[in-house]
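J.: Sharing protein09.cif here; it has mmCIF, C-alpha atoms.
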```
data_work
loop_
_atom_site.label_atom_id
_atom_site.label_comp_id
_atom_site.auth_asym_id
_atom_site.auth_seq_id
_atom_site.Cartn_x
_atom_site.Cartn_y
_atom_site.Cartn_z
CA MET X 6 96.93 95.07 58.00
CA THR X 7 100.36 94.83 59.58
CA ALA X 8 100.55 94.53 63.33
CA SER X 9 102.82 97.02 65.01
CA SER X 10 105.74 95.80 67.06
CA ARG X 11 105.14 95.61 70.76
CA GLY X 12 106.75 98.32 72.83
CA PRO X 13 109.23 97.51 75.59
CA GLY X 14 107.67 96.40 78.82
CA ARG X 15 104.16 95.93 77.46
CA THR X 16 103.77 92.24 76.70
CA GLU X 17 105.09 91.12 80.08
CA ARG X 18 102.22 93.04 81.67
CA LEU X 19 99.91 90.52 80.04
CA VAL X 20 101.53 87.68 81.97
CA LEU X 21 99.85 86.75 85.24
CA ALA X 22 100.49 83.64 87.29
CA GLY X 23 97.68 81.14 86.96
CA VAL X 24 95.99 83.25 84.30
CA LEU X 25 98.25 83.89 81.30
CA THR X 26 101.73 82.85 80.27
CA ALA X 27 103.52 84.87 77.61
CA GLU X 28 102.62 82.25 75.01
CA GLN X 29 98.97 82.19 76.08
CA ALA X 30 98.76 85.99 76.04
CA ALA X 31 100.14 86.04 72.51
CA GLY X 32 97.55 83.45 71.49
CA THR X 33 94.68 85.52 72.87
CA VAL X 34 95.90 88.68 71.14
CA ALA X 35 96.28 86.76 67.89
CA GLY X 36 92.75 85.44 68.30
CA ILE X 37 91.30 88.95 68.48
CA ALA X 38 93.45 90.10 65.58
CA ALA X 39 92.24 87.19 63.46
CA VAL X 40 88.64 88.36 63.83
CA GLN X 41 89.39 91.98 62.91
CA ARG X 42 88.37 92.91 59.37
CA PRO X 43 90.80 94.68 56.99
CA ASP X 44 88.84 97.91 57.49
CA GLY X 45 89.43 97.77 61.26
CA ALA X 46 86.01 96.51 62.39
CA ILE X 47 86.03 93.97 65.23
CA PRO X 48 82.80 91.93 65.40
CA TRP X 49 82.04 89.55 68.26
CA PHE X 50 83.30 86.78 65.99
CA ARG X 51 83.30 86.45 62.23
CA GLY X 52 79.77 86.03 60.95
CA HIS X 53 78.23 87.66 64.02
CA HIS X 54 77.53 91.34 64.61
CA LEU X 55 79.66 94.25 65.76
CA ASP X 56 78.41 96.61 68.43
CA PRO X 57 80.36 99.82 69.08
CA TRP X 58 80.99 99.21 72.80
CA ASP X 59 82.50 95.76 72.42
CA HIS X 60 84.40 96.92 69.33
CA VAL X 61 86.11 99.54 71.51
CA GLU X 62 86.82 97.05 74.29
CA ALA X 63 88.59 94.74 71.84
CA ALA X 64 90.56 97.69 70.43
CA MET X 65 91.68 98.65 73.94
CA ALA X 66 92.90 95.11 74.50
CA LEU X 67 94.94 95.33 71.29
CA ASP X 68 96.52 98.54 72.55
CA ALA X 69 97.32 96.91 75.88
CA ALA X 70 99.16 94.24 73.87
CA GLY X 71 101.10 96.84 71.89
CA GLU X 72 99.12 96.27 68.69
CA HIS X 73 98.66 99.99 68.17
CA ALA X 74 98.16 99.95 64.40
CA ARG X 75 95.30 97.50 64.76
CA ALA X 76 93.73 99.56 67.54
CA GLU X 77 94.03 102.74 65.51
CA ALA X 78 92.33 101.02 62.58
CA ALA X 79 89.42 100.16 64.89
CA TYR X 80 89.01 103.80 65.88
CA ARG X 81 89.32 104.89 62.26
CA TRP X 82 86.37 102.60 61.49
CA LEU X 83 84.30 104.48 64.05
CA ALA X 84 85.34 107.87 62.70
CA ASP X 85 84.56 106.82 59.14
CA HIS X 86 81.09 105.45 59.94
CA GLN X 87 79.72 107.82 62.57
CA ASN X 88 76.15 108.92 61.92
CA PRO X 89 75.48 112.64 61.29
CA ASP X 90 73.96 112.96 64.79
CA GLY X 91 77.18 111.69 66.42
CA SER X 92 75.94 108.16 67.07
CA TRP X 93 76.52 104.66 65.76
CA TYR X 94 73.90 102.01 65.28
CA ALA X 95 73.61 99.32 67.93
CA ALA X 96 74.69 96.47 65.62
CA TYR X 97 76.30 95.86 62.24
CA ALA X 98 76.35 92.48 60.49
CA ASP X 99 79.90 91.09 60.75
CA GLY X 100 81.14 94.65 61.17
CA ASP X 101 79.93 95.74 57.74
CA ALA X 102 79.06 99.42 58.05
CA ASP X 103 76.67 99.12 55.11
CA GLU X 104 74.64 96.42 56.88
CA PRO X 105 73.37 97.70 60.22
CA THR X 106 71.07 95.13 61.80
CA ASP X 107 69.81 97.25 64.72
CA LEU X 108 69.11 100.88 63.87
CA SER X 109 68.60 101.99 67.45
CA ARG X 110 71.40 104.09 68.94
CA GLU X 111 72.33 103.21 72.52
CA THR X 112 73.93 105.97 74.55
CA ASN X 113 76.47 103.86 76.40
CA PHE X 114 77.58 102.29 73.10
CA VAL X 115 78.11 105.76 71.64
CA ALA X 116 79.90 107.23 74.66
CA TYR X 117 82.53 104.50 74.99
CA VAL X 118 84.59 105.81 72.08
CA ALA X 119 85.94 108.45 74.49
CA VAL X 120 87.39 105.76 76.77
CA GLY X 121 89.04 104.00 73.86
CA VAL X 122 90.44 107.14 72.27
CA TRP X 123 91.96 108.39 75.53
CA HIS X 124 93.36 104.91 76.23
CA HIS X 125 94.96 104.83 72.77
CA TYR X 126 96.48 108.27 73.25
CA LEU X 127 97.90 107.28 76.65
CA SER X 128 99.25 104.08 75.06
CA THR X 129 100.96 105.87 72.16
CA GLY X 130 101.35 109.58 72.94
CA ASP X 131 100.06 110.25 69.43
CA ASP X 132 98.74 113.81 69.43
CA ALA X 133 97.92 113.67 65.73
CA PHE X 134 95.58 110.74 66.43
CA LEU X 135 93.88 112.71 69.20
CA ASP X 136 93.44 115.67 66.85
CA ARG X 137 91.85 113.45 64.20
CA MET X 138 89.50 111.76 66.67
CA TRP X 139 88.43 114.87 68.59
CA PRO X 140 85.51 115.71 66.26
CA THR X 141 84.31 112.10 66.57
CA VAL X 142 84.49 112.15 70.36
CA TYR X 143 82.87 115.58 70.57
CA ALA X 144 79.93 114.59 68.37
CA ALA X 145 79.45 111.33 70.29
CA VAL X 146 79.36 113.11 73.67
CA GLU X 147 76.91 115.71 72.39
CA PHE X 148 74.61 112.93 71.16
CA VAL X 149 74.73 111.23 74.56
CA LEU X 150 74.14 114.39 76.58
CA ALA X 151 71.12 115.24 74.45
CA LEU X 152 69.50 112.24 76.19
CA GLN X 153 70.51 113.24 79.73
CA GLN X 154 67.50 113.68 81.98
CA PRO X 155 67.07 116.54 84.48
CA GLY X 156 68.01 114.20 87.33
CA GLY X 157 71.36 113.37 85.75
CA GLN X 158 70.67 109.86 84.48
CA ILE X 159 71.18 109.18 80.77
CA GLY X 160 68.29 107.91 78.67
CA TRP X 161 68.90 104.45 77.31
CA LYS X 162 68.70 105.00 73.55
CA ARG X 163 67.21 106.66 70.52
CA GLU X 164 64.87 104.19 68.86
CA SER X 165 65.23 103.08 65.26
CA PRO X 166 63.28 105.03 62.63
CA GLU X 167 60.83 102.16 62.13
CA ASP X 168 60.05 102.31 65.86
CA GLY X 169 59.47 106.05 65.71
CA GLY X 170 62.97 107.35 66.34
CA ARG X 171 62.00 108.69 69.78
CA ASP X 172 64.41 109.22 72.64
CA VAL X 173 63.92 106.66 75.42
CA ALA X 174 64.12 108.48 78.74
CA ASP X 175 64.32 105.31 80.87
CA ALA X 176 67.87 104.94 82.17
CA LEU X 177 69.99 101.86 82.81
CA LEU X 178 72.34 101.92 85.81
CA THR X 179 75.00 99.86 84.03
CA GLY X 180 74.86 102.01 80.91
CA SER X 181 74.90 105.28 82.85
CA SER X 182 77.84 104.05 84.95
CA SER X 183 79.79 103.24 81.80
CA ILE X 184 78.88 106.67 80.42
CA HIS X 185 80.19 108.23 83.65
CA GLN X 186 83.63 106.77 82.90
CA ALA X 187 83.38 107.82 79.25
CA LEU X 188 82.48 111.43 80.06
CA ARG X 189 85.45 111.69 82.40
CA CYS X 190 87.73 110.41 79.64
CA ALA X 191 86.16 112.90 77.22
CA LEU X 192 86.87 115.69 79.69
CA ALA X 193 90.48 114.48 79.96
CA ILE X 194 90.79 114.75 76.17
CA ALA X 195 89.26 118.23 76.22
CA GLU X 196 91.61 119.37 78.98
CA HIS X 197 94.62 117.98 77.13
CA ARG X 198 93.54 119.93 74.06
CA GLU X 199 92.90 123.04 76.19
CA GLU X 200 89.30 123.15 75.03
CA PRO X 201 87.24 123.44 78.24
CA GLN X 202 83.77 121.91 78.19
CA PRO X 203 81.93 123.31 81.23
CA ASP X 204 78.63 121.73 80.15
CA TRP X 205 80.29 118.32 80.20
CA GLU X 206 81.67 118.97 83.68
CA LEU X 207 78.19 119.76 84.94
CA ALA X 208 76.77 116.71 83.17
CA VAL X 209 79.24 114.22 84.64
CA GLY X 210 78.80 115.69 88.13
CA LEU X 211 75.03 115.38 87.91
CA LEU X 212 75.31 111.85 86.51
CA GLY X 213 77.68 110.72 89.24
CA HIS X 214 75.36 112.13 91.90
CA ALA X 215 72.40 110.24 90.44
CA ILE X 216 74.34 106.97 90.41
CA ARG X 217 75.55 107.40 93.98
CA HIS X 218 72.37 108.67 95.61
CA HIS X 219 69.30 108.09 93.47
CA PRO X 220 68.75 104.45 92.46
CA GLU X 221 65.08 105.26 91.87
CA ARG X 222 66.08 107.12 88.71
CA PHE X 223 67.16 103.91 86.99
CA LEU X 224 65.26 100.87 85.79
CA ASP X 225 65.46 98.00 88.26
CA LYS X 226 67.88 95.52 86.73
CA SER X 227 69.31 94.36 90.04
CA ARG X 228 69.13 90.72 88.92
CA TYR X 229 72.05 91.44 86.61
CA SER X 230 75.56 91.39 88.02
CA MET X 231 76.58 94.35 85.87
CA ASP X 232 74.19 96.59 87.82
CA TRP X 233 75.94 95.39 90.96
CA TYR X 234 79.56 96.22 90.09
CA TYR X 235 79.36 98.83 87.32
CA PRO X 236 78.88 101.85 89.62
CA VAL X 237 82.30 100.87 91.01
CA LEU X 238 83.89 100.02 87.66
CA GLY X 239 82.61 103.27 86.13
CA GLY X 240 84.17 105.31 88.93
CA ALA X 241 81.02 106.75 90.49
CA LEU X 242 81.31 104.74 93.70
CA THR X 243 84.66 104.70 95.49
CA GLY X 244 86.09 104.00 98.93
CA PRO X 245 83.84 102.58 101.65
CA ALA X 246 80.71 102.97 99.49
CA ALA X 247 82.25 100.80 96.77
CA LYS X 248 83.37 98.21 99.32
CA GLN X 249 79.92 98.08 100.89
CA ARG X 250 78.20 97.60 97.54
CA ILE X 251 80.48 94.76 96.44
CA GLU X 252 80.31 92.91 99.76
CA GLU X 253 76.53 93.24 99.96
CA HIS X 254 75.88 91.00 96.96
CA TRP X 255 79.10 89.00 96.70
CA ASP X 256 77.49 85.71 97.70
CA ASP X 257 74.59 86.30 95.31
CA PHE X 258 76.68 86.63 92.18
CA VAL X 259 80.06 84.99 92.78
CA VAL X 260 80.33 81.22 92.28
CA PRO X 261 83.63 80.13 93.89
CA GLY X 262 85.89 78.29 91.51
CA LEU X 263 83.82 79.17 88.42
CA GLY X 264 83.29 82.92 88.10
CA VAL X 265 80.46 85.46 88.22
CA ARG X 266 76.81 84.89 87.38
CA CYS X 267 75.41 87.04 84.62
CA VAL X 268 71.86 87.14 85.99
CA LEU X 269 70.07 85.75 89.02
CA PRO X 270 69.04 83.05 89.62
CA ASN X 271 70.42 81.42 86.46
CA PRO X 272 73.25 78.89 87.01
CA TRP X 273 75.35 80.59 84.33
CA VAL X 274 78.74 82.21 84.84
CA THR X 275 80.19 84.43 82.13
CA GLY X 276 83.73 85.42 81.29
CA GLY X 277 83.02 89.07 80.53
CA GLU X 278 81.25 89.77 83.80
CA SER X 279 83.93 87.87 85.73
CA CYS X 280 86.72 89.94 84.16
CA GLU X 281 84.87 93.19 84.71
CA LEU X 282 84.32 92.34 88.37
CA ALA X 283 88.06 91.61 88.60
CA LEU X 284 88.72 95.08 87.16
CA ALA X 285 86.33 96.63 89.69
CA LEU X 286 88.11 94.80 92.51
CA TRP X 287 91.45 96.09 91.23
CA VAL X 288 89.99 99.62 91.23
CA MET X 289 89.07 99.09 94.91
CA GLY X 290 92.62 97.96 95.70
CA GLU X 291 91.69 94.29 96.10
CA SER X 292 94.10 92.75 93.63
CA ASP X 293 94.28 89.36 95.32
CA ARG X 294 90.56 88.74 94.89
CA ALA X 295 90.76 90.06 91.33
CA VAL X 296 93.51 87.60 90.42
CA GLU X 297 91.60 84.73 92.02
CA ILE X 298 88.55 85.37 89.85
CA LEU X 299 90.68 85.53 86.70
CA GLN X 300 92.24 82.22 87.68
CA TRP X 301 88.82 80.65 88.16
CA ILE X 302 87.64 81.44 84.64
CA GLN X 303 90.48 79.69 82.89
CA HIS X 304 88.03 76.82 82.42
CA LEU X 305 86.54 79.05 79.69
CA ARG X 306 89.76 79.21 77.70
CA ALA X 307 89.68 77.45 74.33
CA GLU X 308 92.59 75.84 72.51
CA ASN X 309 92.92 78.78 70.13
CA GLY X 310 93.49 81.23 73.00
CA MET X 311 90.02 82.76 72.92
CA TYR X 312 87.39 82.43 75.66
CA TRP X 313 83.92 80.96 75.67
CA THR X 314 81.24 83.46 76.59
CA GLY X 315 79.79 81.42 79.46
CA TYR X 316 79.25 78.13 81.26
CA VAL X 317 76.02 76.63 82.63
CA PHE X 318 77.37 74.88 85.70
CA GLU X 319 74.26 72.83 86.52
CA ASP X 320 74.50 71.21 83.08
CA LYS X 321 78.32 71.30 82.96
CA ALA X 322 78.02 72.83 79.50
CA VAL X 323 79.61 75.71 77.64
CA TRP X 324 76.86 78.08 76.48
CA PRO X 325 76.53 79.77 74.12
CA GLU X 326 79.10 78.03 71.96
CA GLU X 327 80.81 81.21 70.81
CA LEU X 328 84.28 82.64 71.31
CA THR X 329 83.84 86.38 71.58
CA THR X 330 86.45 89.09 71.05
CA TRP X 331 85.00 91.12 73.90
CA THR X 332 85.37 88.27 76.40
CA ALA X 333 89.02 87.89 75.42
CA GLY X 334 89.40 91.66 75.46
CA SER X 335 87.98 92.02 78.95
CA LEU X 336 90.43 89.42 80.24
CA LEU X 337 93.42 91.16 78.64
CA LEU X 338 92.36 94.53 80.07
CA ALA X 339 91.96 93.09 83.57
CA VAL X 340 95.41 91.50 83.34
CA ALA X 341 96.87 94.74 81.97
CA ALA X 342 95.47 96.73 84.90
CA LEU X 343 96.83 94.23 87.41
CA GLY X 344 100.18 94.35 85.61
CA GLY X 345 100.38 98.12 85.87
CA ASP X 346 99.89 99.10 82.22
CA GLU X 347 99.79 102.88 82.52
CA ALA X 348 97.09 103.59 79.94
CA THR X 349 94.77 100.90 81.29
CA THR X 350 95.25 101.89 84.92
CA ALA X 351 94.61 105.52 84.01
CA VAL X 352 91.24 104.99 82.32
CA PHE X 353 89.96 102.49 84.90
CA GLY X 354 91.69 103.73 88.06
CA GLY X 355 90.33 107.20 87.52
CA GLU X 356 92.62 109.13 89.88
CA ARG X 357 93.79 111.42 87.06
CA LEU X 358 90.43 111.73 85.31
CA PRO X 359 88.37 114.91 85.79
CA ALA X 360 85.52 114.31 88.23
CA GLY X 361 83.11 116.97 87.01
CA LEU X 362 81.15 119.35 89.21
CA GLU X 363 78.97 117.90 91.96
CA PRO X 364 75.52 119.52 91.85
CA GLU X 365 74.03 121.48 94.71
CA CYS X 366 71.29 119.09 95.66
CA PRO X 367 68.72 119.43 98.46
CA CYS X 368 69.08 115.74 99.26
CA GLY X 369 72.54 116.37 100.68
CA GLY X 370 73.66 113.11 99.17
CA SER X 371 71.20 111.21 101.30
CA GLY X 372 69.44 109.40 98.48
CA GLN X 373 66.14 109.81 100.28
CA GLY X 374 63.98 109.47 97.21
CA PRO X 375 62.85 111.37 94.13
CA SER X 376 61.42 114.32 96.03
CA ALA X 377 64.83 115.24 97.44
CA CYS X 378 66.37 116.32 94.14
CA ARG X 379 65.09 117.69 90.88
CA ARG X 380 63.96 114.86 88.69
#
```
Can you present the structure in this file as structure tokens?
T.:
Amino acid sequence: MTASSRGPGRTERLVLAGVLTAEQAAGTVAGIAAVQRPDGAIPWFRGHHLDPWDHVEAAMALDAAGEHARAEAAYRWLADHQNPDGSWYAAYADGDADEPTDLSRETNFVAYVAVGVWHHYLSTGDDAFLDRMWPTVYAAVEFVLALQQPGGQIGWKRESPEDGGRDVADALLTGSSSIHQALRCALAIAEHREEPQPDWELAVGLLGHAIRHHPERFLDKSRYSMDWYYPVLGGALTGPAAKQRIEEHWDDFVVPGLGVRCVLPNPWVTGGESCELALALWVMGESDRAVEILQWIQHLRAENGMYWTGYVFEDKAVWPEELTTWTAGSLLLAVAALGGDEATTAVFGGERLPAGLEPECPCGGSGQGPSACRR
């Protein structure tokens, strides 16, 4: 696969003082590209599995670096290997589509293709690409919305056939928040194509309302930092509500000088969560704090330009000893947003994304418990 030339003004947006020089940025991009298979698949690292969400994140990072041919190949892999019901399996051995290792189908994994496809279109202006990928995005969204619950939250997954193949109604706040962003990107694609999707508009409005006002509709995973910041990163919480949420648990999850804990109370900071928090801070308009966190995690950078997944600070040890494409990808996307890359700021900033239709809810947005709204 031949890498495309970088467009004017793109690579310098991956340079950030104290985080990446131009040479370091090129090394990180090359590290992701080296893991990508000839068919476009991007596993975590060679010999490990591919999951569709992290595959898309790595593809978005390639687009932010101007490697559009490589990113398009990643989306072609998804189009070529989509299941008949619109889904993808949760994991594939080394990105081999013929060797799925987890036959469950997770809704947030499936939905994220819409974010990547819209990001690629905004990066390239390639309408033919959008036309080719529309059936893939449409089928993925329809799969996801088939698992939406009456209260708006999205069921976690469809189990593997050996586990009965049933739809799991329990909802994850992180996953549903990611789906919220994905549905808005899917609506943006539909609007661009002049193919209105009123059911999607209702679905994203109901989902956003559940995230903002009904925490009881989601499994309690509050020990995980992703549940803390993802309602902000996914665009459901904005303004003072976003600020309040981040400040409320800042001291719980943020380890000054090292990064963001993955899960409480473990003394383990991770690169992916740190970069995603930085993105959420950028969304809130707090770029200085975002840059500071990205500077802290440079202790995770390896000599080949990739990033270790995490660091156990009580033991002063890298763990696990793996250099993941999605950790590198999350860093590049955070830097791209801070640098003003238009495609990246559009899909994460959200100002130009359709917001959906807010439901008429008896709770009045009060979040007073499950009896206030239909469940």
J.: Using all atoms listed in the file - which residues lie no farther than 12 Å from the point (88.9, 78.4, 84.4) in the file's frame? Write them as a PyMOL selection string.
T.: chain X and resi 23-25+260-265+274-276+279-280+296-307+312-313+315-316+323+336
J.: May I ask which of the residues X:His125, X:His254, X:Arg110, X:Arg163 is the closest one to X:Arg228, counting all atoms listed in the file?
T.: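 Of X:His125, X:His254, X:Arg110, X:Arg163, the one nearest X:Arg228 is X:His254, counting all atoms listed in the file.
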J.: Give me the result of the PyMOL selection byres ((chain X and resi 339) around 10) on this file, residue by residue, as a compact mmCIF listing (two decimals) with C-alpha atoms, in the frame of the given file.
T.:
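Ended up saving to expr.txt:
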```txt
# COMPACT_ATOMS: atom_id res chain seq x y z
CA LEU X 19 99.91 90.52 80.04
CA ALA X 66 92.90 95.11 74.50
CA SER X 279 83.93 87.87 85.73
CA CYS X 280 86.72 89.94 84.16
CA GLU X 281 84.87 93.19 84.71
CA LEU X 282 84.32 92.34 88.37
CA ALA X 283 88.06 91.61 88.60
CA LEU X 284 88.72 95.08 87.16
CA ALA X 285 86.33 96.63 89.69
CA LEU X 286 88.11 94.80 92.51
CA TRP X 287 91.45 96.09 91.23
CA ALA X 295 90.76 90.06 91.33
CA VAL X 296 93.51 87.60 90.42
CA LEU X 299 90.68 85.53 86.70
CA GLY X 334 89.40 91.66 75.46
CA SER X 335 87.98 92.02 78.95
CA LEU X 336 90.43 89.42 80.24
CA LEU X 337 93.42 91.16 78.64
CA LEU X 338 92.36 94.53 80.07
CA VAL X 340 95.41 91.50 83.34
CA ALA X 341 96.87 94.74 81.97
CA ALA X 342 95.47 96.73 84.90
CA LEU X 343 96.83 94.23 87.41
CA GLY X 344 100.18 94.35 85.61
CA THR X 349 94.77 100.90 81.29
CA THR X 350 95.25 101.89 84.92
CA PHE X 353 89.96 102.49 84.90
```
J.: Go through X:Pro140, X:Gly36, X:Gly354, X:Gly71 and flag the residue nearest X:Ala119, using only C-alpha atoms for the distances.
T.: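 Using only C-alpha atoms, X:Ala119 sits closest to X:Pro140.
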J.: Please compute the atom CA of X:Ala35-atom CA of X:Ala74 distance, one decimal, in Å.
T.: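 Between these atoms lies a distance of 13.8 Å.
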J.: Between atom CA of X:Ala78 and atom CA of X:Val149, what is the spacing in Å?
T.: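 Spanning atom CA of X:Val149 to atom CA of X:Ala78 is a straight-line distance of 23.6 Å.
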J.: Please measure the separation of atom CA of X:Ser109 and atom CA of X:Lys162, giving the value in Å to one decimal.
T.: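 One can read the atom CA of X:Ser109 to atom CA of X:Lys162 distance as 6.8 Å.
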J.: Could you tell me which residues the PyMOL selection byres ((chain X and resi 95) around 8) grabs in this file, written as a PyMOL selection string?
T.: chain X and resi 56-57+93-94+96-97+105-111+114
J.: Determine the residue membership of the PyMOL selection byres ((chain X and resi 196-205) around 9) for the file above and supply it as an mmCIF file with C-alpha atoms, in the frame of the given file.
T.:
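Contents of the output file part_30.cif:
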```cif
data_model
loop_
_atom_site.group_PDB
_atom_site.id
_atom_site.type_symbol
_atom_site.label_atom_id
_atom_site.label_comp_id
_atom_site.auth_asym_id
_atom_site.auth_seq_id
_atom_site.Cartn_x
_atom_site.Cartn_y
_atom_site.Cartn_z
ATOM 1 C CA LEU X 135 93.880 112.710 69.200
ATOM 2 C CA ASP X 136 93.440 115.670 66.850
ATOM 3 C CA VAL X 146 79.360 113.110 73.670
ATOM 4 C CA GLU X 147 76.910 115.710 72.390
ATOM 5 C CA LEU X 150 74.140 114.390 76.580
ATOM 6 C CA LEU X 188 82.480 111.430 80.060
ATOM 7 C CA ARG X 189 85.450 111.690 82.400
ATOM 8 C CA ALA X 191 86.160 112.900 77.220
ATOM 9 C CA LEU X 192 86.870 115.690 79.690
ATOM 10 C CA ALA X 193 90.480 114.480 79.960
ATOM 11 C CA ILE X 194 90.790 114.750 76.170
ATOM 12 C CA ALA X 195 89.260 118.230 76.220
ATOM 13 C CA GLU X 206 81.670 118.970 83.680
ATOM 14 C CA LEU X 207 78.190 119.760 84.940
ATOM 15 C CA ALA X 208 76.770 116.710 83.170
ATOM 16 C CA VAL X 209 79.240 114.220 84.640
ATOM 17 C CA GLY X 210 78.800 115.690 88.130
ATOM 18 C CA PRO X 359 88.370 114.910 85.790
ATOM 19 C CA GLY X 361 83.110 116.970 87.010
ATOM 20 C CA LEU X 362 81.150 119.350 89.210
#
```
J.: Using all atoms listed in the file, which protein or nucleic acid residues come within 8 Å of stretch 326-332 of chain X? Drop anything in the same chain fewer than 5 positions from it, and give the result as a PDB file with C-alpha atoms, in the frame of the given file.
T.:
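Listing of result-v4.pdb after writing:
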```pdb
ATOM      1  CA  GLY X  36      92.750  85.440  68.300  1.00  0.00           C
ATOM      2  CA  ILE X  37      91.300  88.950  68.480  1.00  0.00           C
ATOM      3  CA  VAL X  40      88.640  88.360  63.830  1.00  0.00           C
ATOM      4  CA  ILE X  47      86.030  93.970  65.230  1.00  0.00           C
ATOM      5  CA  PRO X  48      82.800  91.930  65.400  1.00  0.00           C
ATOM      6  CA  TRP X  49      82.040  89.550  68.260  1.00  0.00           C
ATOM      7  CA  PHE X  50      83.300  86.780  65.990  1.00  0.00           C
ATOM      8  CA  ASP X  59      82.500  95.760  72.420  1.00  0.00           C
ATOM      9  CA  HIS X  60      84.400  96.920  69.330  1.00  0.00           C
ATOM     10  CA  GLU X  62      86.820  97.050  74.290  1.00  0.00           C
ATOM     11  CA  ALA X  63      88.590  94.740  71.840  1.00  0.00           C
ATOM     12  CA  GLY X 276      83.730  85.420  81.290  1.00  0.00           C
ATOM     13  CA  GLY X 277      83.020  89.070  80.530  1.00  0.00           C
ATOM     14  CA  MET X 311      90.020  82.760  72.920  1.00  0.00           C
ATOM     15  CA  TYR X 312      87.390  82.430  75.660  1.00  0.00           C
ATOM     16  CA  TRP X 313      83.920  80.960  75.670  1.00  0.00           C
ATOM     17  CA  THR X 314      81.240  83.460  76.590  1.00  0.00           C
TER      18      THR X 314
END
```
J.: Using all atoms listed in the file for the distances, tell me which of X:His54, X:Leu242, X:Val115, X:Gln29 is nearest to X:Gly91.
T.: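 Of X:His54, X:Leu242, X:Val115, X:Gln29, the one nearest X:Gly91 is X:Val115, counting all atoms listed in the file.
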J.: Might you pull out every residue within 7 Å of stretch 355-357 of chain X, with all atoms listed in the file counted and same-chain residues fewer than 3 positions away left off, and present them as a ChimeraX atom specification?
T.: /X:240,351-352
J.: For a cut-off of 9 Å around (74.0, 112.9, 91.3), file coordinates, pick out all residues using all atoms listed in the file and list them as JSON, numbers by chain.
T.: {"X": [156, 157, 158, 209, 210, 211, 212, 213, 214, 215, 216, 217, 218, 219, 363, 364, 366, 370, 378]}
J.: Filtering to C-alpha atoms, could you give me those residues as a compact mmCIF listing (two decimals), in the coordinates of the input?
T.:
```
# COMPACT_ATOMS: atom_id res chain seq x y z
CA GLY X 156 68.01 114.20 87.33
CA GLY X 157 71.36 113.37 85.75
CA GLN X 158 70.67 109.86 84.48
CA VAL X 209 79.24 114.22 84.64
CA GLY X 210 78.80 115.69 88.13
CA LEU X 211 75.03 115.38 87.91
CA LEU X 212 75.31 111.85 86.51
CA GLY X 213 77.68 110.72 89.24
CA HIS X 214 75.36 112.13 91.90
CA ALA X 215 72.40 110.24 90.44
CA ILE X 216 74.34 106.97 90.41
CA ARG X 217 75.55 107.40 93.98
CA HIS X 218 72.37 108.67 95.61
CA HIS X 219 69.30 108.09 93.47
CA GLU X 363 78.97 117.90 91.96
CA PRO X 364 75.52 119.52 91.85
CA CYS X 366 71.29 119.09 95.66
CA GLY X 370 73.66 113.11 99.17
CA CYS X 378 66.37 116.32 94.14
```
J.: Can you tell me, as a ChimeraX atom specification, what residues are no more than 9 Å from X:Ala102 when counting all atoms listed in the file, ignoring any on the same chain fewer than 3 positions away?
T.: /X:46,82,86,97-99,105
J.: Of the candidates X:Gln186, X:Thr112, X:Gln87, X:Gln249, which shows the shortest atom-to-atom distance to X:Glu164, using all atoms listed in the file?
T.: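 Closest candidate: X:Thr112.
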J.: Which residues, written as an MDAnalysis selection string, have at least one atom at most 10 Å from X:Asp225, with all atoms listed in the file counted and residues fewer than 6 positions away on the same chain left out?
T.: chainID X and resid 176:178 232
J.: Please determine, counting all atoms listed in the file, which residue among X:Phe223, X:Ala76, X:Leu83, X:Tyr143 has the shortest atom-to-atom distance to X:Ile159.
T.: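 Closest residue, counting all atoms listed in the file: X:Phe223.
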J.: Pick the closest to X:Ala64 from X:Gly32, X:Pro89, X:Ser128, X:Glu319: which is it, counting all atoms listed in the file?
T.: X:Ser128
J.: Excluding X:Asp175 and its own-chain neighbours fewer than 4 positions away, which residues fall within 7 Å of it when counting all atoms listed in the file? Please give them as JSON, numbers by chain.
T.: {"X": [160, 161, 223, 224]}
